[in-house]
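> Before I ask anything, here is the structure I am working with.
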Amino acid sequence: MDQPATIHWGILGTARIATKIAAAIDATAGSKVTAVASRTKERAELWARQHGIANSHGSYEALIDDPQVDVVYVPLPPSLHAEWTIRCAEAGKHVLCEKPLAMTAAEGEEMAATCRANNVQLMDATMWVHHPRAADMLRPIQDGTLGELRRVTSAFGFAIEPYLKDNPPHPAIERQTGTAKPDRIAANEFRFQRQLGGGALMDLGWYNVRVALWALGDSPRRVFATARYRNDVDLNLSALMWYDNDRMASFDCGFDLSLRKWFEVVGTAGSLVCDDFLRPWDSQRARFWLHDVAGRAQEHVSTTVNQEQCMIDRFCQIVRSGELDDTWPTVSVANQRICDAINTSAREERVVEITES
């Protein structure tokens with residue numbers, strides 16, 4: 001069998017998530033990390049040596065101008081997504097951008113429009129939707145097994161201090177005590193800096209909104225949300241979303257909770273439950289349950305794969321085909337528009353109507 005043409009990737013920044021994605025890129029057939037950029041040449045060179053990358057650049061501009069790079073992965077803070085995605089697109093580079101797509105839907109629309117105008121693919125890095133389990137779960141949702149859909153409920157949260165301790169070295173952790181005090185977290189963690197795009201909604205709730213979009217196939221008509229704030233970012237948020245045809249969705253997310261990453265889709269004839277949709281608790285058992293109208297449950301187990309590699313492979317297929325898939329930027333902008341409305345609702349303590357652009 002012929003080997004697929006190799007797609008060459010550049011990584012814009014050296015964030016912690018970049019290590020995981022770089023490994024997935026190199027583990028995917030026909031895909032290779034060719035270059036990395038940082039704000040200093042020294043850091044880029046060090047990261048390149050550590051990860052076996054041939055080329056390093058001391059500026060983001062230099063990587064974008066690198067003729068060997070076909071696709072740029074953007075793991076920068078959300079406040080920088082629009083600027084650098086647009087600059088990549090104008091240079092003819094395809095873009096895989098970390099979530100959330102942007103700071104606002106207006107920014108997201110500009111990013112998508114620029115990518116279309118320059119004939120390059122844009123996709124946000126929401127990984128779980130690329131796992132075969134997502135397709136396995138979507139079939140009973142769409143084929144009538146659950147009856148008429150009524151509700152989608154989900155949750156995603158984790159405790160921030162243990163998370164930071166488990167991702168060393170992090171400047172929010174005091175070396176002497178091993179603890180992370182609130183003031184140190186606020187000063188050293190982008191999730192607690194509003195100007196960088198921090199907050200539970202943007203970091204966690206993005207995934208919950210995607211669950212509702214994925215399961216229900218369209219956007220809500222109005223939303224209501226409430227949140228608790230620290231350092232002017234939402235530490236914890238809960239939201240309701242009203243849809244046409246007697247459907248509703250709800251979720252909660254937060255940085256002060258034990259780890260939860262589940263959803264339930266409920267219809268008039270049954271329900272589907274996944275207790276680890278973002279990443280299987282057991283990497284060898286990507287499972288979910290179907291419950292019939294009487295509550296009897298049947299477990300289903302999907303193919304064991306690496307979801308990061310599934311995402312990378314899908315992106316490479318699009319690039320090789322030469323035909324853009326507008327599904328991805330469209331759903332990203334819709335996701336962002338709903339998040340915008342939820343954020344406004346929580347901050348202004350009112351129901352917010354959603355209007356399509």
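Just remember, in the structure tokens the first chain shown is A, the second B, etc., residues are 1-based per chain, and ligands are 1-based in the order shown.
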Counting only C-alpha atoms, what is within 12 Å of region 241-243 of chain A, bar same-chain residues fewer than 4 positions away, as number ranges by chain?
A: 149-154, 208-209, 212-213, 216-225, 247-252, 338-339, 341-342, 345, 351-354
> Take the selection from the previous step and output its residues with N, CA and C atoms, as an mmCIF file, in the first residue's frame.

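This is the output file again-v9.cif:
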data_model
loop_
_atom_site.group_PDB
_atom_site.id
_atom_site.type_symbol
_atom_site.label_atom_id
_atom_site.label_comp_id
_atom_site.auth_asym_id
_atom_site.auth_seq_id
_atom_site.Cartn_x
_atom_site.Cartn_y
_atom_site.Cartn_z
ATOM 1 N N LEU A 149 -35.591 13.434 20.976
ATOM 2 C CA LEU A 149 -34.637 13.961 21.950
ATOM 3 C C LEU A 149 -35.288 15.048 22.804
ATOM 4 N N ARG A 150 -34.948 15.017 24.101
ATOM 5 C CA ARG A 150 -35.513 15.986 25.035
ATOM 6 C C ARG A 150 -34.445 16.765 25.809
ATOM 7 N N ARG A 151 -33.387 16.066 26.269
ATOM 8 C CA ARG A 151 -32.407 16.759 27.121
ATOM 9 C C ARG A 151 -30.993 16.257 26.848
ATOM 10 N N VAL A 152 -30.047 17.183 26.969
ATOM 11 C CA VAL A 152 -28.623 16.858 27.011
ATOM 12 C C VAL A 152 -28.061 17.517 28.267
ATOM 13 N N THR A 153 -27.450 16.720 29.121
ATOM 14 C CA THR A 153 -26.875 17.221 30.365
ATOM 15 C C THR A 153 -25.418 16.792 30.421
ATOM 16 N N SER A 154 -24.540 17.682 30.863
ATOM 17 C CA SER A 154 -23.120 17.324 30.920
ATOM 18 C C SER A 154 -22.424 18.062 32.043
ATOM 19 N N ASN A 208 -18.605 21.276 26.994
ATOM 20 C CA ASN A 208 -20.010 21.005 27.292
ATOM 21 C C ASN A 208 -20.926 21.556 26.211
ATOM 22 N N VAL A 209 -20.616 22.760 25.749
ATOM 23 C CA VAL A 209 -21.392 23.345 24.655
ATOM 24 C C VAL A 209 -21.270 22.479 23.403
ATOM 25 N N ALA A 212 -23.649 19.519 23.379
ATOM 26 C CA ALA A 212 -25.020 19.862 22.993
ATOM 27 C C ALA A 212 -25.130 20.081 21.486
ATOM 28 N N LEU A 213 -24.173 20.784 20.897
ATOM 29 C CA LEU A 213 -24.166 20.991 19.447
ATOM 30 C C LEU A 213 -24.092 19.659 18.705
ATOM 31 N N LEU A 216 -27.538 17.536 19.511
ATOM 32 C CA LEU A 216 -28.804 18.116 19.062
ATOM 33 C C LEU A 216 -28.741 18.671 17.647
ATOM 34 N N GLY A 217 -27.536 18.912 17.146
ATOM 35 C CA GLY A 217 -27.380 19.281 15.743
ATOM 36 C C GLY A 217 -27.647 20.729 15.407
ATOM 37 N N ASP A 218 -27.981 21.550 16.400
ATOM 38 C CA ASP A 218 -28.195 22.968 16.128
ATOM 39 C C ASP A 218 -27.969 23.770 17.396
ATOM 40 N N SER A 219 -28.165 25.071 17.307
ATOM 41 C CA SER A 219 -27.887 25.966 18.427
ATOM 42 C C SER A 219 -29.152 26.263 19.218
ATOM 43 N N PRO A 220 -29.010 26.596 20.503
ATOM 44 C CA PRO A 220 -30.168 26.987 21.300
ATOM 45 C C PRO A 220 -30.690 28.354 20.889
ATOM 46 N N ARG A 221 -31.935 28.624 21.298
ATOM 47 C CA ARG A 221 -32.531 29.931 21.007
ATOM 48 C C ARG A 221 -32.213 30.948 22.093
ATOM 49 N N ARG A 222 -32.060 30.493 23.321
ATOM 50 C CA ARG A 222 -31.730 31.405 24.408
ATOM 51 C C ARG A 222 -31.017 30.624 25.505
ATOM 52 N N VAL A 223 -30.293 31.359 26.360
ATOM 53 C CA VAL A 223 -29.514 30.722 27.420
ATOM 54 C C VAL A 223 -29.639 31.525 28.702
ATOM 55 N N PHE A 224 -29.368 30.845 29.799
ATOM 56 C CA PHE A 224 -29.243 31.516 31.089
ATOM 57 C C PHE A 224 -28.121 30.835 31.854
ATOM 58 N N ALA A 225 -27.293 31.638 32.526
ATOM 59 C CA ALA A 225 -26.155 31.076 33.249
ATOM 60 C C ALA A 225 -25.912 31.851 34.538
ATOM 61 N N ARG A 247 -36.763 20.772 23.435
ATOM 62 C CA ARG A 247 -35.453 20.261 23.842
ATOM 63 C C ARG A 247 -34.743 21.275 24.744
ATOM 64 N N MET A 248 -33.932 20.733 25.662
ATOM 65 C CA MET A 248 -33.127 21.571 26.552
ATOM 66 C C MET A 248 -31.758 20.938 26.728
ATOM 67 N N ALA A 249 -30.800 21.764 27.078
ATOM 68 C CA ALA A 249 -29.472 21.282 27.451
ATOM 69 C C ALA A 249 -29.024 22.063 28.678
ATOM 70 N N SER A 250 -28.205 21.433 29.498
ATOM 71 C CA SER A 250 -27.662 22.100 30.677
ATOM 72 C C SER A 250 -26.288 21.519 30.989
ATOM 73 N N PHE A 251 -25.489 22.313 31.678
ATOM 74 C CA PHE A 251 -24.178 21.803 32.089
ATOM 75 C C PHE A 251 -23.646 22.607 33.257
ATOM 76 N N ASP A 252 -22.652 22.043 33.925
ATOM 77 C CA ASP A 252 -21.873 22.801 34.893
ATOM 78 C C ASP A 252 -20.408 22.508 34.663
ATOM 79 N N ILE A 338 -22.345 30.535 21.169
ATOM 80 C CA ILE A 338 -23.106 30.093 22.344
ATOM 81 C C ILE A 338 -22.352 30.456 23.620
ATOM 82 N N CYS A 339 -21.035 30.256 23.627
ATOM 83 C CA CYS A 339 -20.238 30.633 24.797
ATOM 84 C C CYS A 339 -20.335 32.133 25.063
ATOM 85 N N ALA A 341 -22.861 34.069 24.470
ATOM 86 C CA ALA A 341 -24.167 34.336 25.068
ATOM 87 C C ALA A 341 -24.214 33.884 26.520
ATOM 88 N N ILE A 342 -23.622 32.736 26.810
ATOM 89 C CA ILE A 342 -23.592 32.228 28.185
ATOM 90 C C ILE A 342 -22.773 33.157 29.076
ATOM 91 N N SER A 345 -24.826 36.212 29.785
ATOM 92 C CA SER A 345 -25.892 35.883 30.722
ATOM 93 C C SER A 345 -25.387 35.821 32.152
ATOM 94 N N VAL A 351 -31.488 36.301 31.004
ATOM 95 C CA VAL A 351 -31.624 35.406 29.867
ATOM 96 C C VAL A 351 -31.142 36.146 28.604
ATOM 97 N N VAL A 352 -30.383 35.438 27.774
ATOM 98 C CA VAL A 352 -29.834 36.045 26.550
ATOM 99 C C VAL A 352 -30.325 35.269 25.344
ATOM 100 N N GLU A 353 -30.883 35.983 24.395
ATOM 101 C CA GLU A 353 -31.307 35.385 23.126
ATOM 102 C C GLU A 353 -30.104 35.221 22.204
ATOM 103 N N ILE A 354 -30.120 34.143 21.431
ATOM 104 C CA ILE A 354 -29.039 33.903 20.464
ATOM 105 C C ILE A 354 -29.579 34.110 19.069
#
> Any idea what's packed within 10 Å of Val319 (chain A), counting only C-alpha atoms, ignoring anything in its chain fewer than 6 positions away? Could you give it as a PDB file with N, CA and C atoms, in the first residue's frame?

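Printed below is result.pdb as written:
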ATOM      1  N   ILE A   7       2.573  15.332   5.558  1.00  0.00           N
ATOM      2  CA  ILE A   7       2.160  16.695   5.873  1.00  0.00           C
ATOM      3  C   ILE A   7       3.105  17.218   6.953  1.00  0.00           C
ATOM      4  N   ASP A  70       3.478  23.046   6.262  1.00  0.00           N
ATOM      5  CA  ASP A  70       2.166  23.019   5.600  1.00  0.00           C
ATOM      6  C   ASP A  70       1.045  23.450   6.542  1.00  0.00           C
ATOM      7  N   VAL A  71       1.134  23.008   7.804  1.00  0.00           N
ATOM      8  CA  VAL A  71       0.081  23.229   8.796  1.00  0.00           C
ATOM      9  C   VAL A  71       0.706  23.801  10.055  1.00  0.00           C
ATOM     10  N   HIS A  94      -2.427  26.024   6.625  1.00  0.00           N
ATOM     11  CA  HIS A  94      -3.592  25.471   7.300  1.00  0.00           C
ATOM     12  C   HIS A  94      -3.399  25.608   8.813  1.00  0.00           C
ATOM     13  N   VAL A 120      -7.369  27.666   2.982  1.00  0.00           N
ATOM     14  CA  VAL A 120      -6.703  26.823   3.976  1.00  0.00           C
ATOM     15  C   VAL A 120      -7.736  26.339   4.984  1.00  0.00           C
ATOM     16  N   GLN A 121      -7.477  25.169   5.554  1.00  0.00           N
ATOM     17  CA  GLN A 121      -8.398  24.555   6.505  1.00  0.00           C
ATOM     18  C   GLN A 121      -8.206  25.141   7.895  1.00  0.00           C
ATOM     19  N   ASP A 313      -4.880  12.774  11.940  1.00  0.00           N
ATOM     20  CA  ASP A 313      -5.095  12.033  10.697  1.00  0.00           C
ATOM     21  C   ASP A 313      -6.219  12.657   9.875  1.00  0.00           C
ATOM     22  N   ASP A 325     -13.022  21.349   4.342  1.00  0.00           N
ATOM     23  CA  ASP A 325     -14.231  20.858   5.005  1.00  0.00           C
ATOM     24  C   ASP A 325     -14.750  21.981   5.895  1.00  0.00           C
TER      25      ASP A 325
END
> Which residues come within 12 Å of Tyr229 (chain A), counting only C-alpha atoms, excluding same-chain residues fewer than 6 positions away, as a ChimeraX atom specification?
/A:186,192-194,198-201,235-237,254-256,343,346-347
> Next, the residues of the selection above should be written as a short mmCIF file (atom, residue, chain, number, x, y, z; two decimals), in the first residue's frame with C-alpha atoms.

data_model
loop_
_atom_site.label_atom_id
_atom_site.label_comp_id
_atom_site.auth_asym_id
_atom_site.auth_seq_id
_atom_site.Cartn_x
_atom_site.Cartn_y
_atom_site.Cartn_z
CA ALA A 186 -4.05 34.35 39.47
CA PHE A 192 -7.32 32.93 35.87
CA GLN A 193 -6.57 35.92 33.65
CA ARG A 194 -9.58 37.35 31.87
CA GLY A 198 -9.34 32.51 31.09
CA GLY A 199 -12.31 31.17 33.03
CA ALA A 200 -14.12 27.88 33.45
CA LEU A 201 -16.52 28.53 30.56
CA LEU A 235 -14.31 29.87 38.77
CA ASN A 236 -17.50 27.83 38.48
CA LEU A 237 -20.43 28.16 36.04
CA GLY A 254 -15.55 24.57 37.31
CA PHE A 255 -12.03 24.66 38.69
CA ASP A 256 -13.09 23.82 42.27
CA ASN A 343 -20.83 34.56 29.34
CA ALA A 346 -23.72 35.02 33.70
CA ARG A 347 -22.17 38.47 33.97
#
> Can you tell me, as a list in words, what residues are no more than 10 Å from Asp26 (chain A) when counting only C-alpha atoms, ignoring any on the same chain fewer than 4 positions away?
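Listing them by chain and then by number gives His8, Trp9, Ile21, Ala22, Gly30, Ser31, Lys32, Val33, Thr34, Gly52, Ile53, Gln309 and Ile312 of chain A.
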> Would you please work out which residue, of A:Asp292, A:Asp232, A:Glu308, A:Glu61, is nearest to Trp128 (chain A) when using only C-alpha atoms?
A:Glu308
> Which is closer to Ile318 (chain A) than all the others in A:Leu122, A:Thr104, A:Ala113, A:Arg87, using only C-alpha atoms?
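Nearest to Ile318 (chain A): A:Leu122.
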> Kindly indicate which residue among A:Ala239, A:Ile25, A:Ala155, A:Leu63 lies nearest to Asp275 (chain A), using only C-alpha atoms for the distances.
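That would be A:Ala155, the residue with the smallest distance to Asp275 (chain A).
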> Could you list, as a PyMOL selection string, every residue within 9 Å of His51 (chain A), counting only C-alpha atoms and ignoring same-chain residues fewer than 4 positions away?
chain A and resi 19+22-23+46-47
> Restricting the output to C-alpha atoms, write the selected residues as a PDB file, in the first residue's frame.

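In the end it all went to part-v9.pdb:
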ATOM      1  CA  THR A  19       4.135  18.189  23.882  1.00  0.00           C
ATOM      2  CA  ALA A  22       3.650  16.939  18.835  1.00  0.00           C
ATOM      3  CA  ALA A  23       3.885  13.287  19.885  1.00  0.00           C
ATOM      4  CA  LEU A  46      15.851  23.606  23.615  1.00  0.00           C
ATOM      5  CA  TRP A  47      12.297  22.412  22.945  1.00  0.00           C
TER       6      TRP A  47
END
> Grab the CA of Pro140 (chain A) to CA of Trp281 (chain A) distance for me, in Å with one decimal place.
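Computing the Euclidean distance for CA of Pro140 (chain A) and CA of Trp281 (chain A) yields 22.3 Å.
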> If you run DSSP over the backbone, which residues in region 114-266 of chain A end up strand (DSSP E or B)? Put them as a ChimeraX atom specification.
/A:122-124,149-159,222-230,233-243,247-254,256-266
